[in-house]
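Read through the structure below, which is laid out as structure tokens, and then see the notes.
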Amino acid sequence: MATKINASHILVKTQEEAQQLLEQIKSGKSFEDLAKEKSLCPSGKKGGSLGWFTHGQMVREFEKAAFSMKKGQISQPVKTQFGWHLIKVNDTWG
């Protein structure tokens with residue numbers, strides 16, 4: 001299991017919006033472009049990039065999803081107290 005993850009995310013208010021964005025990504029839209037256009041998180045300006053993080057740095061639901069994924073994968077919508085996230089794992093270490 002990875003000890004560090006480099007990930008990006010898109011944060012939106014509803015599960016429906018997250019699901020629509022996921023469909024657009026599956027149809028070939030750029031994750032990074034959609035993050036810049038739609039994400040409610042300040043990281044959206046950077047294409048959703050959160051950089052590297054370890055266990056204990058993100059909220060539990062987000063961390064559980066991110067650390068269960070492989071490099072290059074994009075999650076199904078993940079609910080946290082902040083809203084709904086799509087998570088993309090850019091790289092793993094350890």
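FYI, nothing fancy with the structure tokens labels: chains A, B, ... in order, residues from 1 per chain, ligands from 1 as they appear.
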
*Apply DSSP to the structure's backbone, then extract all residues of region 36-79 of chain A labelled strand (DSSP E) and return them as a PyMOL selection string.*
chain A and resi 49-54+78-79

*asked:* Can you pull out the residues contacting His85 (chain A)? Cut-off 9 Å, using only C-alpha atoms, and skip same-chain residues under 3 positions away; I want them as a PyMOL selection string.
replied: chain A and resi 9-13+15+18+39+62+75-80+82

*Find the residues around region 32-37 of chain A up to 7 Å (only C-alpha atoms counted), leave out those fewer than 3 positions away in its own chain, and share them as a list in words.*
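Here the qualifying residues turn out to be Ile10, Gly44, Lys45, Lys46, Gly47 and Gly48 of chain A.
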
Just-selected residues, C-alpha atoms written as a PDB file, in the first residue's frame:
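Saved result, part.pdb, follows:
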```pdb
ATOM      1  CA  ILE A  10     -12.760  18.328  -8.416  1.00  0.00           C
ATOM      2  CA  GLY A  44      -9.171  24.118  -9.110  1.00  0.00           C
ATOM      3  CA  LYS A  45      -7.001  26.967 -10.379  1.00  0.00           C
ATOM      4  CA  LYS A  46      -4.137  24.457 -10.538  1.00  0.00           C
ATOM      5  CA  GLY A  47      -6.194  21.844 -12.388  1.00  0.00           C
ATOM      6  CA  GLY A  48      -7.281  20.378  -9.052  1.00  0.00           C
TER       7      GLY A  48
END
```

Run DSSP on the backbone and grab whatever in chain A lands in helix (DSSP H, G or I); send it over as an mmCIF file with N, CA and C atoms, in the first residue's frame.
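Output contents, as saved in out-v8.cif:
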```cif
data_model
loop_
_atom_site.group_PDB
_atom_site.id
_atom_site.type_symbol
_atom_site.label_atom_id
_atom_site.label_comp_id
_atom_site.auth_asym_id
_atom_site.auth_seq_id
_atom_site.Cartn_x
_atom_site.Cartn_y
_atom_site.Cartn_z
ATOM 1 N N GLN A 15 -23.984 15.191 -5.842
ATOM 2 C CA GLN A 15 -23.564 13.916 -6.420
ATOM 3 C C GLN A 15 -23.858 13.900 -7.917
ATOM 4 N N GLU A 16 -25.000 14.482 -8.303
ATOM 5 C CA GLU A 16 -25.384 14.509 -9.709
ATOM 6 C C GLU A 16 -24.357 15.267 -10.545
ATOM 7 N N GLU A 17 -23.911 16.412 -10.035
ATOM 8 C CA GLU A 17 -22.911 17.190 -10.768
ATOM 9 C C GLU A 17 -21.598 16.420 -10.876
ATOM 10 N N ALA A 18 -21.196 15.768 -9.793
ATOM 11 C CA ALA A 18 -19.973 14.964 -9.819
ATOM 12 C C ALA A 18 -20.097 13.837 -10.852
ATOM 13 N N GLN A 19 -21.256 13.193 -10.886
ATOM 14 C CA GLN A 19 -21.474 12.098 -11.835
ATOM 15 C C GLN A 19 -21.436 12.613 -13.276
ATOM 16 N N GLN A 20 -22.023 13.774 -13.523
ATOM 17 C CA GLN A 20 -21.997 14.366 -14.869
ATOM 18 C C GLN A 20 -20.565 14.679 -15.296
ATOM 19 N N LEU A 21 -19.775 15.218 -14.383
ATOM 20 C CA LEU A 21 -18.374 15.520 -14.697
ATOM 21 C C LEU A 21 -17.593 14.240 -14.976
ATOM 22 N N LEU A 22 -17.866 13.195 -14.213
ATOM 23 C CA LEU A 22 -17.195 11.918 -14.434
ATOM 24 C C LEU A 22 -17.519 11.385 -15.832
ATOM 25 N N GLU A 23 -18.762 11.507 -16.258
ATOM 26 C CA GLU A 23 -19.150 11.077 -17.605
ATOM 27 C C GLU A 23 -18.415 11.893 -18.670
ATOM 28 N N GLN A 24 -18.269 13.189 -18.439
ATOM 29 C CA GLN A 24 -17.535 14.035 -19.389
ATOM 30 C C GLN A 24 -16.074 13.602 -19.483
ATOM 31 N N ILE A 25 -15.474 13.259 -18.347
ATOM 32 C CA ILE A 25 -14.087 12.802 -18.333
ATOM 33 C C ILE A 25 -13.973 11.484 -19.097
ATOM 34 N N LYS A 26 -14.910 10.571 -18.873
ATOM 35 C CA LYS A 26 -14.906 9.289 -19.584
ATOM 36 C C LYS A 26 -15.076 9.482 -21.086
ATOM 37 N N PHE A 31 -9.581 16.178 -17.187
ATOM 38 C CA PHE A 31 -9.841 16.318 -15.750
ATOM 39 C C PHE A 31 -9.397 17.704 -15.285
ATOM 40 N N GLU A 32 -8.198 18.103 -15.709
ATOM 41 C CA GLU A 32 -7.627 19.365 -15.265
ATOM 42 C C GLU A 32 -8.459 20.556 -15.740
ATOM 43 N N ASP A 33 -8.920 20.511 -17.005
ATOM 44 C CA ASP A 33 -9.745 21.613 -17.525
ATOM 45 C C ASP A 33 -11.068 21.707 -16.770
ATOM 46 N N LEU A 34 -11.681 20.558 -16.494
ATOM 47 C CA LEU A 34 -12.942 20.566 -15.751
ATOM 48 C C LEU A 34 -12.734 21.067 -14.325
ATOM 49 N N ALA A 35 -11.601 20.719 -13.725
ATOM 50 C CA ALA A 35 -11.297 21.223 -12.379
ATOM 51 C C ALA A 35 -11.210 22.751 -12.398
ATOM 52 N N LYS A 36 -10.534 23.296 -13.411
ATOM 53 C CA LYS A 36 -10.398 24.755 -13.519
ATOM 54 C C LYS A 36 -11.763 25.422 -13.698
ATOM 55 N N GLU A 37 -12.645 24.782 -14.474
ATOM 56 C CA GLU A 37 -13.961 25.356 -14.772
ATOM 57 C C GLU A 37 -14.970 25.178 -13.636
ATOM 58 N N LYS A 38 -14.957 24.020 -12.971
ATOM 59 C CA LYS A 38 -16.078 23.637 -12.112
ATOM 60 C C LYS A 38 -15.774 23.493 -10.625
ATOM 61 N N PRO A 42 -10.105 25.961 -4.028
ATOM 62 C CA PRO A 42 -9.052 26.818 -4.597
ATOM 63 C C PRO A 42 -8.047 26.045 -5.455
ATOM 64 N N SER A 43 -7.887 24.744 -5.211
ATOM 65 C CA SER A 43 -6.968 23.928 -6.007
ATOM 66 C C SER A 43 -7.418 23.831 -7.466
ATOM 67 N N GLY A 44 -8.666 24.158 -7.740
ATOM 68 C CA GLY A 44 -9.171 24.118 -9.110
ATOM 69 C C GLY A 44 -8.344 24.963 -10.057
ATOM 70 N N LYS A 45 -7.832 26.085 -9.553
ATOM 71 C CA LYS A 45 -7.001 26.967 -10.379
ATOM 72 C C LYS A 45 -5.752 26.247 -10.891
ATOM 73 N N LYS A 46 -5.323 25.239 -10.160
ATOM 74 C CA LYS A 46 -4.137 24.457 -10.538
ATOM 75 C C LYS A 46 -4.548 23.126 -11.167
ATOM 76 N N ARG A 60 -11.310 11.692 6.297
ATOM 77 C CA ARG A 60 -11.318 10.231 6.239
ATOM 78 C C ARG A 60 -11.876 9.659 4.932
ATOM 79 N N GLU A 61 -13.044 10.142 4.489
ATOM 80 C CA GLU A 61 -13.672 9.573 3.292
ATOM 81 C C GLU A 61 -12.797 9.803 2.062
ATOM 82 N N PHE A 62 -12.228 10.993 1.977
ATOM 83 C CA PHE A 62 -11.358 11.335 0.851
ATOM 84 C C PHE A 62 -10.114 10.448 0.869
ATOM 85 N N GLU A 63 -9.497 10.354 2.046
ATOM 86 C CA GLU A 63 -8.274 9.558 2.191
ATOM 87 C C GLU A 63 -8.526 8.086 1.879
ATOM 88 N N LYS A 64 -9.618 7.551 2.392
ATOM 89 C CA LYS A 64 -9.938 6.136 2.163
ATOM 90 C C LYS A 64 -10.050 5.850 0.664
ATOM 91 N N ALA A 65 -10.734 6.726 -0.061
ATOM 92 C CA ALA A 65 -10.890 6.539 -1.507
ATOM 93 C C ALA A 65 -9.539 6.677 -2.217
ATOM 94 N N ALA A 66 -8.809 7.740 -1.908
ATOM 95 C CA ALA A 66 -7.548 8.017 -2.601
ATOM 96 C C ALA A 66 -6.529 6.898 -2.408
ATOM 97 N N PHE A 67 -6.396 6.406 -1.172
ATOM 98 C CA PHE A 67 -5.392 5.380 -0.897
ATOM 99 C C PHE A 67 -5.815 3.989 -1.380
#
```

*Quick one: pull the distance between CA of Val59 (chain A) and CA of Lys71 (chain A), Å, one decimal.*
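Result for CA of Val59 (chain A) versus CA of Lys71 (chain A): 20.0 Å, one decimal.
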
_Would you compute the distance between CA of Gln81 (chain A) and CA of Trp93 (chain A)? Give it in Å to one decimal._
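Separating CA of Gln81 (chain A) from CA of Trp93 (chain A) is a distance of 27.2 Å.
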
*Write out as an MDAnalysis selection string each polymer residue whose atoms come within 7 Å of Ile74 (chain A), counting only C-alpha atoms; drop sequence neighbours fewer than 2 positions from it.*
chainID A and resid 72 76 86:89

Write a file of the just-selected residues containing C-alpha atoms, as a compact mmCIF listing (two decimals), in the first residue's frame.
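Saved the output as out_5.txt:
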```txt
# COMPACT_ATOMS: atom_id res chain seq x y z
CA GLY A 72 -4.06 7.04 -13.17
CA GLN A 76 -16.53 7.53 -8.42
CA LEU A 86 -13.85 13.26 -8.02
CA ILE A 87 -10.32 12.16 -7.16
CA LYS A 88 -7.56 11.44 -9.67
CA VAL A 89 -4.41 9.69 -8.45
```

*asked:* Just to confirm, what's the straight-line distance from CA of Ser68 (chain A) to CA of Leu50 (chain A) in Å (one decimal)?
replied: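 Atom-to-atom, CA of Ser68 (chain A) and CA of Leu50 (chain A) are spaced 16.8 Å apart.
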
_Residue contacts of Asp91 (chain A) (7 Å, only C-alpha atoms) excluding same-chain residues fewer than 4 positions away, as number ranges by chain_ = A: 5-7, 71
